[in-house]
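> target_5.csv is reproduced below (CSV, N, CA and C atoms).
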chain,number,residue,atom,x,y,z
A,861,MET,N,-10.7,15.3,-8.4
A,861,MET,CA,-10.6,14.6,-9.7
A,861,MET,C,-9.3,14.9,-10.4
A,862,LEU,N,-8.8,16.2,-10.3
A,862,LEU,CA,-7.5,16.6,-10.9
A,862,LEU,C,-6.4,15.8,-10.3
A,863,VAL,N,-6.4,15.5,-9.0
A,863,VAL,CA,-5.4,14.7,-8.3
A,863,VAL,C,-5.3,13.3,-8.9
A,864,VAL,N,-6.4,12.7,-9.1
A,864,VAL,CA,-6.5,11.4,-9.7
A,864,VAL,C,-5.9,11.4,-11.1
A,865,ARG,N,-6.3,12.4,-11.9
A,865,ARG,CA,-5.8,12.5,-13.3
A,865,ARG,C,-4.3,12.7,-13.3
A,866,ASP,N,-3.8,13.5,-12.4
A,866,ASP,CA,-2.4,13.8,-12.3
A,866,ASP,C,-1.6,12.5,-12.0
A,867,GLN,N,-2.1,11.7,-11.0
A,867,GLN,CA,-1.5,10.5,-10.6
A,867,GLN,C,-1.5,9.5,-11.8
A,868,MET,N,-2.6,9.4,-12.5
A,868,MET,CA,-2.7,8.5,-13.6
A,868,MET,C,-1.7,8.9,-14.7
A,869,THR,N,-1.6,10.2,-15.0
A,869,THR,CA,-0.6,10.6,-16.0
A,869,THR,C,0.8,10.3,-15.6
A,870,ARG,N,1.1,10.6,-14.3
A,870,ARG,CA,2.5,10.3,-13.8
A,870,ARG,C,2.8,8.8,-13.9
A,871,HIS,N,1.9,7.9,-13.6
A,871,HIS,CA,2.1,6.5,-13.6
A,871,HIS,C,2.3,6.1,-15.1
A,872,GLN,N,1.5,6.6,-16.0
A,872,GLN,CA,1.7,6.3,-17.4
A,872,GLN,C,3.1,6.8,-17.9
A,873,GLN,N,3.5,7.9,-17.5
A,873,GLN,CA,4.8,8.4,-17.9
A,873,GLN,C,5.9,7.5,-17.3
A,874,ASP,N,5.7,7.1,-16.0
A,874,ASP,CA,6.7,6.2,-15.4
A,874,ASP,C,6.8,4.8,-16.1
A,875,LEU,N,5.7,4.4,-16.8
A,875,LEU,CA,5.7,3.1,-17.4
A,875,LEU,C,6.8,3.1,-18.5
A,876,PHE,N,7.2,4.2,-19.0
A,876,PHE,CA,8.3,4.3,-20.1
A,876,PHE,C,9.5,5.0,-19.5
A,877,SER,N,9.7,5.0,-18.2
A,877,SER,CA,10.8,5.5,-17.5
A,877,SER,C,12.1,4.8,-17.9
A,878,PRO,N,13.3,5.4,-17.9
A,878,PRO,CA,14.5,4.7,-18.0
A,878,PRO,C,14.9,3.8,-16.8
A,879,HIS,N,14.2,4.0,-15.7
A,879,HIS,CA,14.4,3.2,-14.5
A,879,HIS,C,13.5,2.1,-14.4
A,880,ALA,N,14.0,0.9,-14.3
A,880,ALA,CA,13.2,-0.4,-14.3
A,880,ALA,C,12.3,-0.4,-13.1
A,881,PHE,N,12.7,0.1,-11.9
A,881,PHE,CA,11.9,0.1,-10.7
A,881,PHE,C,10.7,1.0,-10.9
A,882,ARG,N,10.8,2.1,-11.5
A,882,ARG,CA,9.7,3.0,-11.8
A,882,ARG,C,8.7,2.3,-12.7
A,883,ARG,N,9.2,1.6,-13.7
A,883,ARG,CA,8.3,0.9,-14.6
A,883,ARG,C,7.6,-0.2,-13.9
A,884,LEU,N,8.2,-0.9,-13.0
A,884,LEU,CA,7.6,-2.0,-12.2
A,884,LEU,C,6.5,-1.4,-11.4
A,885,ALA,N,6.8,-0.3,-10.7
A,885,ALA,CA,5.8,0.4,-9.9
A,885,ALA,C,4.6,0.9,-10.7
A,886,ALA,N,4.9,1.4,-11.9
A,886,ALA,CA,3.8,1.9,-12.8
A,886,ALA,C,2.9,0.7,-13.2
A,887,LEU,N,3.5,-0.4,-13.5
A,887,LEU,CA,2.7,-1.6,-13.8
A,887,LEU,C,1.8,-2.0,-12.6
A,888,GLY,N,2.3,-1.9,-11.4
A,888,GLY,CA,1.5,-2.2,-10.3
A,888,GLY,C,0.3,-1.3,-10.2
A,889,HIS,N,0.5,-0.1,-10.4
A,889,HIS,CA,-0.7,0.9,-10.4
A,889,HIS,C,-1.6,0.6,-11.6
A,890,LEU,N,-1.1,0.3,-12.8
A,890,LEU,CA,-1.9,0.0,-13.9
A,890,LEU,C,-2.7,-1.3,-13.7
A,891,GLY,N,-2.1,-2.2,-13.0
A,891,GLY,CA,-2.7,-3.5,-12.8
A,891,GLY,C,-4.0,-3.4,-11.9
A,892,ARG,N,-4.1,-2.2,-11.2
A,892,ARG,CA,-5.3,-2.0,-10.4
A,892,ARG,C,-6.4,-1.2,-11.1
A,893,GLU,N,-6.1,-0.8,-12.3
A,893,GLU,CA,-7.0,0.1,-13.1
A,893,GLU,C,-8.0,-0.8,-13.8
A,894,ASP,N,-9.1,-0.1,-14.3
A,894,ASP,CA,-10.1,-0.8,-15.1
A,894,ASP,C,-9.6,-1.2,-16.5
A,895,ALA,N,-10.3,-2.2,-17.1
A,895,ALA,CA,-9.9,-2.6,-18.4
A,895,ALA,C,-10.6,-1.6,-19.4
A,896,THR,N,-9.8,-0.7,-19.8
A,896,THR,CA,-10.3,0.3,-20.8
A,896,THR,C,-9.4,0.1,-22.1
A,897,ALA,N,-10.0,0.6,-23.2
A,897,ALA,CA,-9.2,0.5,-24.5
A,897,ALA,C,-7.9,1.2,-24.3
A,898,ARG,N,-7.9,2.3,-23.6
A,898,ARG,CA,-6.7,3.1,-23.5
A,898,ARG,C,-5.6,2.3,-22.7
A,899,ASN,N,-6.0,1.7,-21.6
A,899,ASN,CA,-5.1,0.9,-20.8
A,899,ASN,C,-4.6,-0.3,-21.6
A,900,ILE,N,-5.4,-1.0,-22.3
A,900,ILE,CA,-5.0,-2.1,-23.1
A,900,ILE,C,-4.0,-1.7,-24.2
A,901,THR,N,-4.3,-0.6,-24.8
A,901,THR,CA,-3.4,-0.1,-25.8
A,901,THR,C,-2.0,0.3,-25.2
A,902,LEU,N,-2.1,0.9,-24.1
A,902,LEU,CA,-0.9,1.3,-23.4
A,902,LEU,C,0.0,0.1,-23.0
A,903,LEU,N,-0.7,-1.0,-22.5
A,903,LEU,CA,0.1,-2.2,-22.2
A,903,LEU,C,0.7,-2.8,-23.4
A,904,ARG,N,-0.1,-2.8,-24.5
A,904,ARG,CA,0.4,-3.4,-25.8
A,904,ARG,C,1.7,-2.7,-26.2
A,905,ASP,N,1.6,-1.3,-26.2
A,905,ASP,CA,2.8,-0.5,-26.5
A,905,ASP,C,4.0,-0.8,-25.6
A,906,PHE,N,3.7,-0.9,-24.3
A,906,PHE,CA,4.7,-1.2,-23.3
A,906,PHE,C,5.4,-2.5,-23.6
A,907,MET,N,4.6,-3.5,-23.9
A,907,MET,CA,5.2,-4.9,-24.1
A,907,MET,C,6.1,-4.9,-25.3
A,908,ALA,N,5.7,-4.1,-26.3
A,908,ALA,CA,6.5,-4.0,-27.6
A,908,ALA,C,7.8,-3.2,-27.3
A,909,TRP,N,7.8,-2.3,-26.4
A,909,TRP,CA,8.9,-1.4,-26.1
A,909,TRP,C,9.9,-2.0,-25.0
A,910,GLU,N,9.3,-2.7,-24.0
A,910,GLU,CA,10.1,-3.1,-22.8
A,910,GLU,C,11.2,-4.0,-23.1
A,911,PRO,N,12.5,-3.7,-22.7
A,911,PRO,CA,13.6,-4.6,-23.0
A,911,PRO,C,13.7,-5.8,-22.0
A,912,ARG,N,13.1,-5.6,-20.8
A,912,ARG,CA,13.3,-6.7,-19.8
A,912,ARG,C,12.2,-7.7,-19.8
A,913,ARG,N,12.6,-8.9,-19.9
A,913,ARG,CA,11.6,-10.0,-20.0
A,913,ARG,C,10.6,-10.1,-18.9
A,914,ARG,N,11.1,-9.9,-17.6
A,914,ARG,CA,10.2,-10.0,-16.5
A,914,ARG,C,9.2,-8.9,-16.4
A,915,LEU,N,9.6,-7.7,-16.9
A,915,LEU,CA,8.6,-6.7,-16.9
A,915,LEU,C,7.6,-6.9,-18.0
A,916,ARG,N,8.0,-7.4,-19.2
A,916,ARG,CA,7.1,-7.7,-20.2
A,916,ARG,C,6.1,-8.8,-19.8
A,917,ASP,N,6.7,-9.8,-19.1
A,917,ASP,CA,5.8,-10.9,-18.6
A,917,ASP,C,4.8,-10.4,-17.6
A,918,ARG,N,5.2,-9.5,-16.7
A,918,ARG,CA,4.2,-8.9,-15.8
A,918,ARG,C,3.1,-8.1,-16.5
A,919,ALA,N,3.6,-7.4,-17.5
A,919,ALA,CA,2.6,-6.6,-18.3
A,919,ALA,C,1.7,-7.5,-19.1
A,920,ARG,N,2.2,-8.6,-19.5
A,920,ARG,CA,1.3,-9.6,-20.2
A,920,ARG,C,0.2,-10.2,-19.3
A,921,VAL,N,0.5,-10.4,-18.1
A,921,VAL,CA,-0.5,-10.9,-17.1
A,921,VAL,C,-1.6,-9.9,-17.0
A,922,ILE,N,-1.2,-8.6,-16.8
A,922,ILE,CA,-2.2,-7.5,-16.7
A,922,ILE,C,-3.0,-7.4,-18.0
A,923,TYR,N,-2.3,-7.4,-19.1
A,923,TYR,CA,-2.9,-7.3,-20.4
A,923,TYR,C,-4.0,-8.4,-20.6
A,924,ASP,N,-3.6,-9.6,-20.3
A,924,ASP,CA,-4.5,-10.7,-20.5
A,924,ASP,C,-5.7,-10.6,-19.7
A,925,ARG,N,-5.6,-10.1,-18.4
A,925,ARG,CA,-6.7,-9.9,-17.5
A,925,ARG,C,-7.6,-8.9,-18.1
A,926,MET,N,-7.1,-7.8,-18.5
A,926,MET,CA,-7.9,-6.7,-19.1
A,926,MET,C,-8.6,-7.1,-20.4
A,927,GLU,N,-7.9,-7.9,-21.2
A,927,GLU,CA,-8.6,-8.4,-22.4
A,927,GLU,C,-9.8,-9.3,-22.0
A,928,ARG,N,-9.6,-10.2,-21.1
A,928,ARG,CA,-10.7,-11.0,-20.6
A,928,ARG,C,-11.9,-10.2,-20.1
A,929,GLU,N,-11.5,-9.2,-19.3
A,929,GLU,CA,-12.6,-8.3,-18.7
A,929,GLU,C,-13.3,-7.5,-19.8
A,930,ALA,N,-12.5,-7.0,-20.7
A,930,ALA,CA,-13.1,-6.2,-21.8
A,930,ALA,C,-14.0,-7.1,-22.7
A,931,THR,N,-13.6,-8.3,-23.0
A,931,THR,CA,-14.4,-9.2,-23.8
A,931,THR,C,-15.7,-9.6,-23.0
A,932,GLY,N,-15.5,-9.8,-21.7
A,932,GLY,CA,-16.7,-10.2,-20.9
A,932,GLY,C,-17.7,-9.0,-20.8
A,933,LEU,N,-17.2,-7.8,-20.8
A,933,LEU,CA,-18.1,-6.6,-20.8
A,933,LEU,C,-18.8,-6.5,-22.1
A,934,MET,N,-18.1,-6.8,-23.2
A,934,MET,CA,-18.8,-6.7,-24.5
A,934,MET,C,-19.9,-7.8,-24.6
A,935,HIS,N,-19.6,-9.0,-24.2
A,935,HIS,CA,-20.6,-10.1,-24.3
A,935,HIS,C,-21.7,-9.9,-23.3
A,936,GLY,N,-21.4,-9.3,-22.2
A,936,GLY,CA,-22.5,-9.1,-21.1
A,936,GLY,C,-23.3,-7.9,-21.3
A,937,SER,N,-23.0,-7.1,-22.3
A,937,SER,CA,-23.7,-5.8,-22.5
A,937,SER,C,-25.0,-6.0,-23.3
A,938,GLY,N,-25.3,-7.2,-23.7
A,938,GLY,CA,-26.6,-7.4,-24.4
A,938,GLY,C,-26.4,-7.2,-25.9
A,939,GLU,N,-25.2,-7.0,-26.4
A,939,GLU,CA,-25.0,-6.9,-27.9
A,939,GLU,C,-25.3,-8.2,-28.5
A,940,GLY,N,-26.0,-8.2,-29.6
A,940,GLY,CA,-26.3,-9.4,-30.4
A,940,GLY,C,-27.4,-10.2,-29.9
A,941,THR,N,-28.2,-9.7,-28.9
A,941,THR,CA,-29.3,-10.4,-28.4
A,941,THR,C,-30.6,-9.8,-29.0
A,942,ALA,N,-31.6,-10.6,-29.1
A,942,ALA,CA,-32.8,-10.1,-29.8
A,942,ALA,C,-33.8,-9.8,-28.7
Would you put the structure from the file into structure tokens?

Amino acid sequence: MLVVRDQMTRHQQDLFSPHAFRRLAALGHLGREDATARNITLLRDFMAWEPRRRLRDRARVIYDRMEREATGLMHGSGEGTA
């Protein structure tokens, strides 16, 4: 469990690396993660910070997928049903 947590922390740090290739790699890893509030917030922060349009666009694709998944989870959880 600690190895997985360490890898996640490293990828999140690389998301804000000064090196574009590390940021791209971190996006690739984040794109395989579950749609959590933390990941969605992280992507939103990244898109506001990222100076390169292509990386922002890639983050937007991942962000949109996670938003759809999160919305689907909320609607499929039985909330609001009698």
> Pick from A:Ala930, A:Leu875, A:Leu890, A:Ala919: nearest to Arg904 of chain A, with only N, CA and C atoms counted?
A:Ala919
> Just to confirm, what's the straight-line distance from atom N of Arg912 of chain A to atom CA of Ala895 of chain A in Å (one decimal)?
23.3 Å
> If I take atom CA of Asp924 of chain A and atom CA of Arg883 of chain A, how far is one from the other in Å, to one decimal?
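Separation of atom CA of Asp924 of chain A and atom CA of Arg883 of chain A: 18.3 Å.
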> Would you please give, as a PyMOL selection string, all residues of segment 876-937 of chain A that DSSP assigns to helix (DSSP H, G or I) based on the backbone?
chain A and resi 880-890+897-909+913-936
> Could you write out that same residue set with N, CA and C atoms as a short mmCIF file (atom, residue, chain, number, x, y, z; two decimals), keeping the file's coordinate frame?

data_model
loop_
_atom_site.label_atom_id
_atom_site.label_comp_id
_atom_site.auth_asym_id
_atom_site.auth_seq_id
_atom_site.Cartn_x
_atom_site.Cartn_y
_atom_site.Cartn_z
N ALA A 880 14.00 0.90 -14.30
CA ALA A 880 13.20 -0.40 -14.30
C ALA A 880 12.30 -0.40 -13.10
N PHE A 881 12.70 0.10 -11.90
CA PHE A 881 11.90 0.10 -10.70
C PHE A 881 10.70 1.00 -10.90
N ARG A 882 10.80 2.10 -11.50
CA ARG A 882 9.70 3.00 -11.80
C ARG A 882 8.70 2.30 -12.70
N ARG A 883 9.20 1.60 -13.70
CA ARG A 883 8.30 0.90 -14.60
C ARG A 883 7.60 -0.20 -13.90
N LEU A 884 8.20 -0.90 -13.00
CA LEU A 884 7.60 -2.00 -12.20
C LEU A 884 6.50 -1.40 -11.40
N ALA A 885 6.80 -0.30 -10.70
CA ALA A 885 5.80 0.40 -9.90
C ALA A 885 4.60 0.90 -10.70
N ALA A 886 4.90 1.40 -11.90
CA ALA A 886 3.80 1.90 -12.80
C ALA A 886 2.90 0.70 -13.20
N LEU A 887 3.50 -0.40 -13.50
CA LEU A 887 2.70 -1.60 -13.80
C LEU A 887 1.80 -2.00 -12.60
N GLY A 888 2.30 -1.90 -11.40
CA GLY A 888 1.50 -2.20 -10.30
C GLY A 888 0.30 -1.30 -10.20
N HIS A 889 0.50 -0.10 -10.40
CA HIS A 889 -0.70 0.90 -10.40
C HIS A 889 -1.60 0.60 -11.60
N LEU A 890 -1.10 0.30 -12.80
CA LEU A 890 -1.90 0.00 -13.90
C LEU A 890 -2.70 -1.30 -13.70
N ALA A 897 -10.00 0.60 -23.20
CA ALA A 897 -9.20 0.50 -24.50
C ALA A 897 -7.90 1.20 -24.30
N ARG A 898 -7.90 2.30 -23.60
CA ARG A 898 -6.70 3.10 -23.50
C ARG A 898 -5.60 2.30 -22.70
N ASN A 899 -6.00 1.70 -21.60
CA ASN A 899 -5.10 0.90 -20.80
C ASN A 899 -4.60 -0.30 -21.60
N ILE A 900 -5.40 -1.00 -22.30
CA ILE A 900 -5.00 -2.10 -23.10
C ILE A 900 -4.00 -1.70 -24.20
N THR A 901 -4.30 -0.60 -24.80
CA THR A 901 -3.40 -0.10 -25.80
C THR A 901 -2.00 0.30 -25.20
N LEU A 902 -2.10 0.90 -24.10
CA LEU A 902 -0.90 1.30 -23.40
C LEU A 902 0.00 0.10 -23.00
N LEU A 903 -0.70 -1.00 -22.50
CA LEU A 903 0.10 -2.20 -22.20
C LEU A 903 0.70 -2.80 -23.40
N ARG A 904 -0.10 -2.80 -24.50
CA ARG A 904 0.40 -3.40 -25.80
C ARG A 904 1.70 -2.70 -26.20
N ASP A 905 1.60 -1.30 -26.20
CA ASP A 905 2.80 -0.50 -26.50
C ASP A 905 4.00 -0.80 -25.60
N PHE A 906 3.70 -0.90 -24.30
CA PHE A 906 4.70 -1.20 -23.30
C PHE A 906 5.40 -2.50 -23.60
N MET A 907 4.60 -3.50 -23.90
CA MET A 907 5.20 -4.90 -24.10
C MET A 907 6.10 -4.90 -25.30
N ALA A 908 5.70 -4.10 -26.30
CA ALA A 908 6.50 -4.00 -27.60
C ALA A 908 7.80 -3.20 -27.30
N TRP A 909 7.80 -2.30 -26.40
CA TRP A 909 8.90 -1.40 -26.10
C TRP A 909 9.90 -2.00 -25.00
N ARG A 913 12.60 -8.90 -19.90
CA ARG A 913 11.60 -10.00 -20.00
C ARG A 913 10.60 -10.10 -18.90
N ARG A 914 11.10 -9.90 -17.60
CA ARG A 914 10.20 -10.00 -16.50
C ARG A 914 9.20 -8.90 -16.40
N LEU A 915 9.60 -7.70 -16.90
CA LEU A 915 8.60 -6.70 -16.90
C LEU A 915 7.60 -6.90 -18.00
N ARG A 916 8.00 -7.40 -19.20
CA ARG A 916 7.10 -7.70 -20.20
C ARG A 916 6.10 -8.80 -19.80
N ASP A 917 6.70 -9.80 -19.10
CA ASP A 917 5.80 -10.90 -18.60
C ASP A 917 4.80 -10.40 -17.60
N ARG A 918 5.20 -9.50 -16.70
CA ARG A 918 4.20 -8.90 -15.80
C ARG A 918 3.10 -8.10 -16.50
N ALA A 919 3.60 -7.40 -17.50
CA ALA A 919 2.60 -6.60 -18.30
C ALA A 919 1.70 -7.50 -19.10
N ARG A 920 2.20 -8.60 -19.50
CA ARG A 920 1.30 -9.60 -20.20
C ARG A 920 0.20 -10.20 -19.30
N VAL A 921 0.50 -10.40 -18.10
CA VAL A 921 -0.50 -10.90 -17.10
C VAL A 921 -1.60 -9.90 -17.00
N ILE A 922 -1.20 -8.60 -16.80
CA ILE A 922 -2.20 -7.50 -16.70
C ILE A 922 -3.00 -7.40 -18.00
N TYR A 923 -2.30 -7.40 -19.10
CA TYR A 923 -2.90 -7.30 -20.40
C TYR A 923 -4.00 -8.40 -20.60
N ASP A 924 -3.60 -9.60 -20.30
CA ASP A 924 -4.50 -10.70 -20.50
C ASP A 924 -5.70 -10.60 -19.70
N ARG A 925 -5.60 -10.10 -18.40
CA ARG A 925 -6.70 -9.90 -17.50
C ARG A 925 -7.60 -8.90 -18.10
N MET A 926 -7.10 -7.80 -18.50
CA MET A 926 -7.90 -6.70 -19.10
C MET A 926 -8.60 -7.10 -20.40
N GLU A 927 -7.90 -7.90 -21.20
CA GLU A 927 -8.60 -8.40 -22.40
C GLU A 927 -9.80 -9.30 -22.00
N ARG A 928 -9.60 -10.20 -21.10
CA ARG A 928 -10.70 -11.00 -20.60
C ARG A 928 -11.90 -10.20 -20.10
N GLU A 929 -11.50 -9.20 -19.30
CA GLU A 929 -12.60 -8.30 -18.70
C GLU A 929 -13.30 -7.50 -19.80
N ALA A 930 -12.50 -7.00 -20.70
CA ALA A 930 -13.10 -6.20 -21.80
C ALA A 930 -14.00 -7.10 -22.70
N THR A 931 -13.60 -8.30 -23.00
CA THR A 931 -14.40 -9.20 -23.80
C THR A 931 -15.70 -9.60 -23.00
N GLY A 932 -15.50 -9.80 -21.70
CA GLY A 932 -16.70 -10.20 -20.90
C GLY A 932 -17.70 -9.00 -20.80
N LEU A 933 -17.20 -7.80 -20.80
CA LEU A 933 -18.10 -6.60 -20.80
C LEU A 933 -18.80 -6.50 -22.10
N MET A 934 -18.10 -6.80 -23.20
CA MET A 934 -18.80 -6.70 -24.50
C MET A 934 -19.90 -7.80 -24.60
N HIS A 935 -19.60 -9.00 -24.20
CA HIS A 935 -20.60 -10.10 -24.30
C HIS A 935 -21.70 -9.90 -23.30
N GLY A 936 -21.40 -9.30 -22.20
CA GLY A 936 -22.50 -9.10 -21.10
C GLY A 936 -23.30 -7.90 -21.30
#
> Give me, as number ranges by chain, all polymer residues having an atom no more than 12 Å from Phe876 of chain A, counting only C-alpha atoms and skipping those fewer than 3 positions away in the same chain.
A: 869-873, 879-887, 902-903, 905-911, 915
> What separation in Å, quoted to one decimal, exists between atom C of Tyr923 of chain A and atom CA of His935 of chain A?
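Between these atoms lies a distance of 17.1 Å.
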> Which residue out of A:Leu933, A:Arg914, A:Pro878, A:Met926 has the minimum interatomic distance to Asn899 of chain A when only N, CA and C atoms are used?
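Looking at the shortest contact to Asn899 of chain A, the residue is A:Met926.
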